[in-house]
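Pasting structure-v9.tsv here (TSV, C-alpha atoms and all ligand atoms):
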chain	number	residue	atom	x	y	z
A	12	MET	CA	-63.54	-72.38	-29.68
A	13	ALA	CA	-66.26	-70.00	-28.52
A	14	LYS	CA	-65.16	-67.09	-26.39
A	15	SER	CA	-67.35	-68.20	-23.50
A	16	ASP	CA	-65.78	-71.68	-23.58
A	17	ARG	CA	-62.35	-70.13	-23.21
A	18	MET	CA	-63.60	-68.07	-20.29
A	19	GLN	CA	-65.13	-71.13	-18.68
A	20	GLU	CA	-61.85	-72.96	-18.97
A	21	LEU	CA	-60.13	-70.20	-17.03
A	22	PHE	CA	-62.45	-70.92	-14.11
A	23	GLN	CA	-62.14	-74.69	-14.41
A	24	ALA	CA	-58.36	-74.50	-14.61
A	25	ARG	CA	-58.46	-72.92	-11.15
A	26	GLY	CA	-60.76	-75.55	-9.76
A	27	MET	CA	-63.68	-73.15	-9.57
A	28	LYS	CA	-67.13	-74.55	-10.08
A	29	LEU	CA	-69.06	-73.44	-13.11
A	30	THR	CA	-72.43	-72.73	-11.62
A	31	PRO	CA	-75.27	-72.07	-14.08
A	32	GLN	CA	-75.14	-68.41	-13.05
A	33	ARG	CA	-71.44	-68.13	-13.79
A	34	GLN	CA	-71.90	-69.86	-17.13
A	35	ARG	CA	-74.69	-67.50	-18.11
A	36	ILE	CA	-72.72	-64.42	-17.04
A	37	LEU	CA	-69.75	-65.53	-19.17
A	38	GLU	CA	-72.02	-66.25	-22.14
A	39	VAL	CA	-73.66	-62.84	-21.95
A	40	LEU	CA	-70.28	-61.15	-21.69
A	41	ALA	CA	-68.81	-63.14	-24.58
A	42	GLU	CA	-71.77	-62.30	-26.82
A	43	SER	CA	-71.79	-58.62	-26.02
A	44	GLU	CA	-70.07	-56.21	-28.34
A	45	GLY	CA	-70.76	-52.90	-26.71
A	46	HIS	CA	-68.28	-53.15	-23.84
A	47	PRO	CA	-71.01	-53.51	-21.21
A	48	THR	CA	-70.98	-52.37	-17.63
A	49	ALA	CA	-71.53	-54.95	-14.89
A	50	GLU	CA	-75.05	-53.56	-14.53
A	51	ALA	CA	-75.76	-54.12	-18.23
A	52	VAL	CA	-74.46	-57.71	-18.02
A	53	CYS	CA	-76.58	-58.25	-14.94
A	54	SER	CA	-79.80	-57.05	-16.52
A	55	THR	CA	-79.29	-59.28	-19.57
A	56	VAL	CA	-78.51	-62.28	-17.34
A	57	ARG	CA	-81.68	-61.60	-15.36
A	58	GLU	CA	-83.84	-61.95	-18.45
A	59	LYS	CA	-83.31	-65.68	-18.11
A	60	MET	CA	-82.24	-65.92	-14.48
A	61	PRO	CA	-84.12	-63.32	-12.46
A	62	THR	CA	-82.50	-64.33	-9.17
A	63	VAL	CA	-78.89	-63.52	-10.10
A	64	SER	CA	-77.51	-60.73	-7.92
A	65	LEU	CA	-75.42	-57.82	-9.10
A	66	LYS	CA	-72.86	-58.92	-6.52
A	67	THR	CA	-72.48	-62.31	-8.22
A	68	VAL	CA	-72.02	-60.59	-11.56
A	69	TYR	CA	-69.37	-58.25	-10.14
A	70	GLN	CA	-67.55	-61.12	-8.48
A	71	THR	CA	-67.57	-63.26	-11.62
A	72	LEU	CA	-66.33	-60.40	-13.79
A	73	HIS	CA	-63.68	-59.57	-11.23
A	74	ASP	CA	-62.49	-63.20	-11.10
A	75	LEU	CA	-62.41	-63.36	-14.87
A	76	TYR	CA	-60.35	-60.17	-14.94
A	77	GLU	CA	-57.88	-61.69	-12.46
A	78	PHE	CA	-57.60	-64.72	-14.76
A	79	GLY	CA	-56.87	-62.53	-17.78
A	80	GLY	CA	-60.11	-63.37	-19.56
A	81	VAL	CA	-61.51	-59.86	-19.83
A	82	LEU	CA	-60.25	-56.29	-19.92
A	83	GLN	CA	-61.53	-53.55	-17.64
A	84	LEU	CA	-61.79	-50.19	-19.29
A	85	ASP	CA	-62.20	-46.84	-17.69
A	86	LEU	CA	-63.09	-44.61	-20.58
A	87	GLY	CA	-64.43	-41.73	-18.60
A	88	THR	CA	-68.03	-42.79	-19.13
A	89	GLY	CA	-68.71	-43.00	-15.42
A	90	SER	CA	-68.46	-46.73	-14.89
A	91	THR	CA	-66.07	-49.55	-15.64
A	92	ARG	CA	-66.65	-51.31	-18.95
A	93	PHE	CA	-65.80	-54.94	-19.50
A	94	ASP	CA	-64.25	-56.00	-22.78
A	95	PRO	CA	-64.20	-59.67	-23.81
A	96	ASN	CA	-61.76	-58.81	-26.59
A	97	THR	CA	-58.43	-59.14	-24.79
A	98	SER	CA	-56.29	-58.52	-27.86
A	99	GLY	CA	-53.78	-55.89	-26.83
A	100	SER	CA	-53.63	-54.36	-30.27
A	101	HIS	CA	-57.17	-53.04	-30.39
A	102	HIS	CA	-58.24	-49.59	-29.38
A	103	HIS	CA	-61.51	-47.82	-28.72
A	104	LEU	CA	-63.84	-45.38	-30.35
A	105	VAL	CA	-65.99	-43.61	-27.78
A	106	CYS	CA	-69.06	-41.63	-28.83
A	107	ASP	CA	-69.40	-38.35	-26.93
A	108	ILE	CA	-73.14	-38.33	-27.46
A	109	CYS	CA	-74.48	-41.78	-26.62
A	110	GLY	CA	-71.46	-43.31	-24.89
A	111	ASN	CA	-71.27	-46.18	-27.37
A	112	ILE	CA	-67.86	-47.88	-27.41
A	113	SER	CA	-66.55	-49.88	-30.33
A	114	ASP	CA	-63.31	-51.62	-31.19
A	115	VAL	CA	-60.88	-50.44	-33.81
A	116	GLU	CA	-57.63	-51.88	-35.09
A	117	LEU	CA	-55.30	-49.09	-36.06
A	118	ARG	CA	-52.96	-49.58	-38.94
A	119	GLU	CA	-50.46	-47.18	-37.45
A	120	SER	CA	-48.67	-49.34	-34.98
A	121	ALA	CA	-49.00	-48.00	-31.48
A	122	GLU	CA	-47.11	-51.12	-30.45
A	123	GLU	CA	-43.94	-49.46	-31.65
A	124	LEU	CA	-44.07	-47.46	-28.46
A	125	ILE	CA	-43.98	-50.56	-26.29
A	126	GLY	CA	-40.61	-50.98	-24.67
A	127	VAL	CA	-39.69	-47.37	-25.37
A	128	SER	CA	-38.29	-45.48	-22.45
A	129	VAL	CA	-39.68	-42.00	-21.79
A	130	ASP	CA	-37.60	-40.13	-19.24
A	131	GLY	CA	-36.80	-43.44	-17.60
A	132	PHE	CA	-40.44	-44.56	-17.66
A	133	LYS	CA	-40.73	-47.84	-19.54
A	134	VAL	CA	-43.87	-48.14	-21.69
A	135	GLU	CA	-45.55	-51.52	-21.39
A	136	ARG	CA	-48.99	-50.88	-22.83
A	137	VAL	CA	-50.50	-48.33	-25.13
A	138	GLU	CA	-54.20	-47.52	-25.04
A	139	ILE	CA	-55.66	-45.18	-27.58
A	140	VAL	CA	-59.11	-43.70	-27.11
A	141	LEU	CA	-60.61	-41.92	-30.09
A	142	ARG	CA	-63.52	-39.68	-29.17
A	143	GLY	CA	-66.20	-38.31	-31.41
A	144	ARG	CA	-69.64	-39.21	-32.74
A	145	CYS	CA	-70.81	-42.64	-33.80
A	146	THR	CA	-72.73	-43.00	-37.05
A	147	ASN	CA	-76.04	-42.93	-35.19
A	148	CYS	CA	-75.22	-39.65	-33.54
A	149	GLN	CA	-73.68	-37.74	-36.42
A	150	ASP	CA	-76.94	-36.13	-37.46
A	151	LEU	CA	-77.70	-34.93	-33.99
A	152	VAL	CA	-76.85	-31.39	-33.13
A	153	GLY	CA	-76.42	-29.96	-29.69
A	154	ASP	CA	-76.26	-31.67	-26.37
A	155	ARG	CA	-76.13	-35.21	-25.12
A	156	VAL	CA	-79.16	-37.36	-25.53
A	157	PRO	CA	-79.80	-39.87	-22.75
A	158	THR	CA	-79.94	-43.00	-24.88
A	159	ALA	CA	-76.68	-44.67	-23.90
A	160	LYS	CA	-78.44	-47.89	-22.95
A	161	ALA	CA	-80.04	-48.50	-26.31
A	162	HIS	CA	-76.66	-49.10	-27.93
A	163	LEU	CA	-75.28	-51.18	-25.12
A	164	SER	CA	-77.84	-53.93	-25.07
A	165	ALA	CA	-78.51	-54.07	-28.79
A	166	GLY	CA	-75.24	-55.87	-29.45
A	167	SER	CA	-74.24	-53.78	-32.43
A	201	ZN	ZN	-73.38	-42.22	-30.52
A	202	ZN	ZN	-62.62	-53.35	-27.01
What does the file become when written as structure tokens?
Amino acid sequence: MAKSDRMQELFQARGMKLTPQRQRILEVLAESEGHPTAEAVCSTVREKMPTVSLKTVYQTLHDLYEFGGVLQLDLGTGSTRFDPNTSGSHHHLVCDICGNISDVELRESAEELIGVSVDGFKVERVEIVLRGRCTNCQDLVGDRVPTAKAHLSAGS
């Protein structure tokens, strides 16, 4: 089943109407691979539906998050990223230069830490963020280049 179908079912299961806007927002999110911001989702949705408001996009993403259909990531890039891959065992590679975020499955099992007690604190989730330079940015020397958006909308 397509990812967007699963997301749509989460709304339907709660008796929420699947308006064409909602459907399109979920499709765009499901197809995105770059962990988009709400703004990035919104601008892609507007290519086909120019009247959709950023507020509607935020609300839909927030609802979907409440339903467990998307992860919210704060990776220190300045705005919340939405991740349609809800598998708890994947982690993130964050490029310092362009801000590109990609998924990685680590062979070393971070899950072994789940359930461990650290000074009485019980670990329930482990999130690993690996920072560095993506393949596109490895040849660049020096400071940040302001091309974060190019990666985000390209879908790979
Ligand atoms: Zn990069
Ligand atoms: Zn991810």
What are the closest atom pairs, with distances in Å to one decimal, for all residues of chain A lying within 8 Å of ligand ZN 202 (chain A)? Consider only C-alpha atoms and all ligand atoms, order rows by chain and residue number, and present the result as a Markdown table.
| residue | atom | partner | partner_atom | distance |
| --- | --- | --- | --- | --- |
| A:His46 | CA | A:ZN202 | ZN | 6.5 |
| A:Asp94 | CA | A:ZN202 | ZN | 5.3 |
| A:Pro95 | CA | A:ZN202 | ZN | 7.3 |
| A:Asn96 | CA | A:ZN202 | ZN | 5.5 |
| A:Thr97 | CA | A:ZN202 | ZN | 7.5 |
| A:His101 | CA | A:ZN202 | ZN | 6.4 |
| A:His102 | CA | A:ZN202 | ZN | 6.2 |
| A:His103 | CA | A:ZN202 | ZN | 5.9 |
| A:Ile112 | CA | A:ZN202 | ZN | 7.6 |
| A:Ser113 | CA | A:ZN202 | ZN | 6.2 |
| A:Asp114 | CA | A:ZN202 | ZN | 4.6 |
| A:Val115 | CA | A:ZN202 | ZN | 7.6 |
Draw an axis-aligned box tight on the listed atoms of range 134-151 of chain A, then pad every side by 8 Å and write out centre and edge lengths in Å to one decimal as lines of an AutoDock Vina configuration file.
center_x = -60.8
center_y = -43.2
center_z = -29.4
size_x = 49.8
size_y = 32.6
size_z = 32.1
Applying 12 Å and all atoms listed in the file, which residues near Met27 in chain A remain after dropping the ones on its own chain fewer than 5 positions away? List them as a ChimeraX atom specification.
/A:18-22,33-34,71,74-75,78
In terms of only C-alpha atoms and all ligand atoms, the residue from A:Ala121, A:Ala24, A:Leu84, A:Cys109 at minimal distance from ligand ZN 201 (chain A) is A:Cys109
For ligand ZN 201 (chain A), list the contacting residues at 7 Å or closer, counting all atoms listed in the file, as a list in words.
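For ligand ZN 201 (chain A), the residues inside 7 Å are Cys106, Asp107, Ile108, Cys109, Gly110, Asn111, Arg144, Cys145, Thr146, Asn147 and Cys148 of chain A.
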Can you work out the spacing between CA of Thr55 in chain A and CA of Val39 in chain A in Å, to one decimal?
7.1 Å
Within 10 Å of His73 in chain A, counting only C-alpha atoms, which residues show up once you throw out same-chain ones fewer than 6 positions away? Write them as a ChimeraX atom specification, please.
/A:49,67,79-83,93
Which one of A:Arg92, A:Val140, A:Glu123, A:Arg25 sits closest to Glu44 in chain A if you count all atoms listed in the file?
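Using all atoms listed in the file, Glu44 in chain A sits closest to A:Arg92.
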Using all atoms listed in the file, determine which residues lie at most 12 Å from range 124-127 of chain A, disregarding the query and same-chain residues fewer than 5 positions distant; provide the list as a ChimeraX atom specification.
/A:99-100,119,132-139
Which residue gives the smallest distance to Ser90 in chain A among A:Val63, A:Cys53, A:Pro47, A:Glu58, with all atoms listed in the file counted?
A:Pro47
Rounded to one decimal in Å, what is the spacing between CA of Ser54 in chain A and CA of Gly89 in chain A?
17.9 Å
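Interatomic distance, CA of Leu65 in chain A against CA of Ala41 in chain A: 17.7 Å.
Between Leu40 in chain A and the candidates A:Ser15, A:Gln23, A:Gln149, A:Thr62, the tightest atom-to-atom separation, counting all atoms listed in the file, involves A:Ser15.
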Using the incomplete input, complete range 45-74 of chain A to the level of N, CA and C atoms; output as a CSV table (one decimal), in the coordinates of the input.
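The result, stored in result-v4.csv:
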chain,number,residue,atom,x,y,z
A,45,GLY,N,-70.8,-54.3,-27.0
A,45,GLY,CA,-70.8,-52.9,-26.7
A,45,GLY,C,-70.0,-52.5,-25.5
A,46,HIS,N,-69.1,-53.4,-25.0
A,46,HIS,CA,-68.3,-53.2,-23.8
A,46,HIS,C,-69.2,-52.8,-22.7
A,47,PRO,N,-70.0,-53.8,-22.2
A,47,PRO,CA,-71.0,-53.5,-21.2
A,47,PRO,C,-70.4,-53.2,-19.8
A,48,THR,N,-71.3,-52.5,-19.1
A,48,THR,CA,-71.0,-52.4,-17.6
A,48,THR,C,-71.5,-53.6,-16.9
A,49,ALA,N,-71.0,-53.8,-15.7
A,49,ALA,CA,-71.5,-55.0,-14.9
A,49,ALA,C,-73.1,-54.9,-14.8
A,50,GLU,N,-73.6,-53.7,-14.6
A,50,GLU,CA,-75.0,-53.6,-14.5
A,50,GLU,C,-75.7,-54.0,-15.8
A,51,ALA,N,-75.2,-53.7,-17.0
A,51,ALA,CA,-75.8,-54.1,-18.2
A,51,ALA,C,-75.7,-55.6,-18.4
A,52,VAL,N,-74.6,-56.2,-18.0
A,52,VAL,CA,-74.5,-57.7,-18.0
A,52,VAL,C,-75.5,-58.3,-17.1
A,53,CYS,N,-75.6,-57.7,-15.9
A,53,CYS,CA,-76.6,-58.2,-14.9
A,53,CYS,C,-78.0,-58.2,-15.5
A,54,SER,N,-78.4,-57.1,-16.1
A,54,SER,CA,-79.8,-57.0,-16.5
A,54,SER,C,-80.1,-58.0,-17.7
A,55,THR,N,-79.1,-58.3,-18.5
A,55,THR,CA,-79.3,-59.3,-19.6
A,55,THR,C,-79.4,-60.7,-19.0
A,56,VAL,N,-78.5,-61.0,-18.0
A,56,VAL,CA,-78.5,-62.3,-17.3
A,56,VAL,C,-79.9,-62.5,-16.7
A,57,ARG,N,-80.4,-61.5,-16.1
A,57,ARG,CA,-81.7,-61.6,-15.4
A,57,ARG,C,-82.9,-61.9,-16.3
A,58,GLU,N,-82.7,-61.6,-17.6
A,58,GLU,CA,-83.8,-62.0,-18.4
A,58,GLU,C,-84.1,-63.4,-18.4
A,59,LYS,N,-83.1,-64.2,-18.2
A,59,LYS,CA,-83.3,-65.7,-18.1
A,59,LYS,C,-83.2,-66.2,-16.7
A,60,MET,N,-82.5,-65.5,-15.9
A,60,MET,CA,-82.2,-65.9,-14.5
A,60,MET,C,-82.5,-64.7,-13.5
A,61,PRO,N,-83.7,-64.5,-13.2
A,61,PRO,CA,-84.1,-63.3,-12.5
A,61,PRO,C,-83.5,-63.2,-11.1
A,62,THR,N,-83.0,-64.4,-10.5
A,62,THR,CA,-82.5,-64.3,-9.2
A,62,THR,C,-81.0,-64.0,-9.0
A,63,VAL,N,-80.3,-63.8,-10.2
A,63,VAL,CA,-78.9,-63.5,-10.1
A,63,VAL,C,-78.7,-62.1,-9.5
A,64,SER,N,-77.8,-62.0,-8.6
A,64,SER,CA,-77.5,-60.7,-7.9
A,64,SER,C,-76.4,-60.0,-8.6
A,65,LEU,N,-76.5,-58.7,-8.5
A,65,LEU,CA,-75.4,-57.8,-9.1
A,65,LEU,C,-74.1,-58.2,-8.5
A,66,LYS,N,-74.1,-58.6,-7.2
A,66,LYS,CA,-72.9,-58.9,-6.5
A,66,LYS,C,-72.2,-60.1,-7.2
A,67,THR,N,-73.0,-61.1,-7.5
A,67,THR,CA,-72.5,-62.3,-8.2
A,67,THR,C,-71.9,-61.9,-9.6
A,68,VAL,N,-72.5,-61.0,-10.3
A,68,VAL,CA,-72.0,-60.6,-11.6
A,68,VAL,C,-70.7,-59.9,-11.4
A,69,TYR,N,-70.6,-59.0,-10.4
A,69,TYR,CA,-69.4,-58.2,-10.1
A,69,TYR,C,-68.3,-59.2,-9.8
A,70,GLN,N,-68.6,-60.2,-8.9
A,70,GLN,CA,-67.6,-61.1,-8.5
A,70,GLN,C,-67.0,-62.0,-9.6
A,71,THR,N,-68.0,-62.4,-10.5
A,71,THR,CA,-67.6,-63.3,-11.6
A,71,THR,C,-66.7,-62.5,-12.6
A,72,LEU,N,-67.1,-61.2,-12.9
A,72,LEU,CA,-66.3,-60.4,-13.8
A,72,LEU,C,-65.0,-60.1,-13.2
A,73,HIS,N,-65.0,-59.9,-11.9
A,73,HIS,CA,-63.7,-59.6,-11.2
A,73,HIS,C,-62.8,-60.8,-11.3
A,74,ASP,N,-63.3,-62.0,-11.0
A,74,ASP,CA,-62.5,-63.2,-11.1
A,74,ASP,C,-61.9,-63.4,-12.5
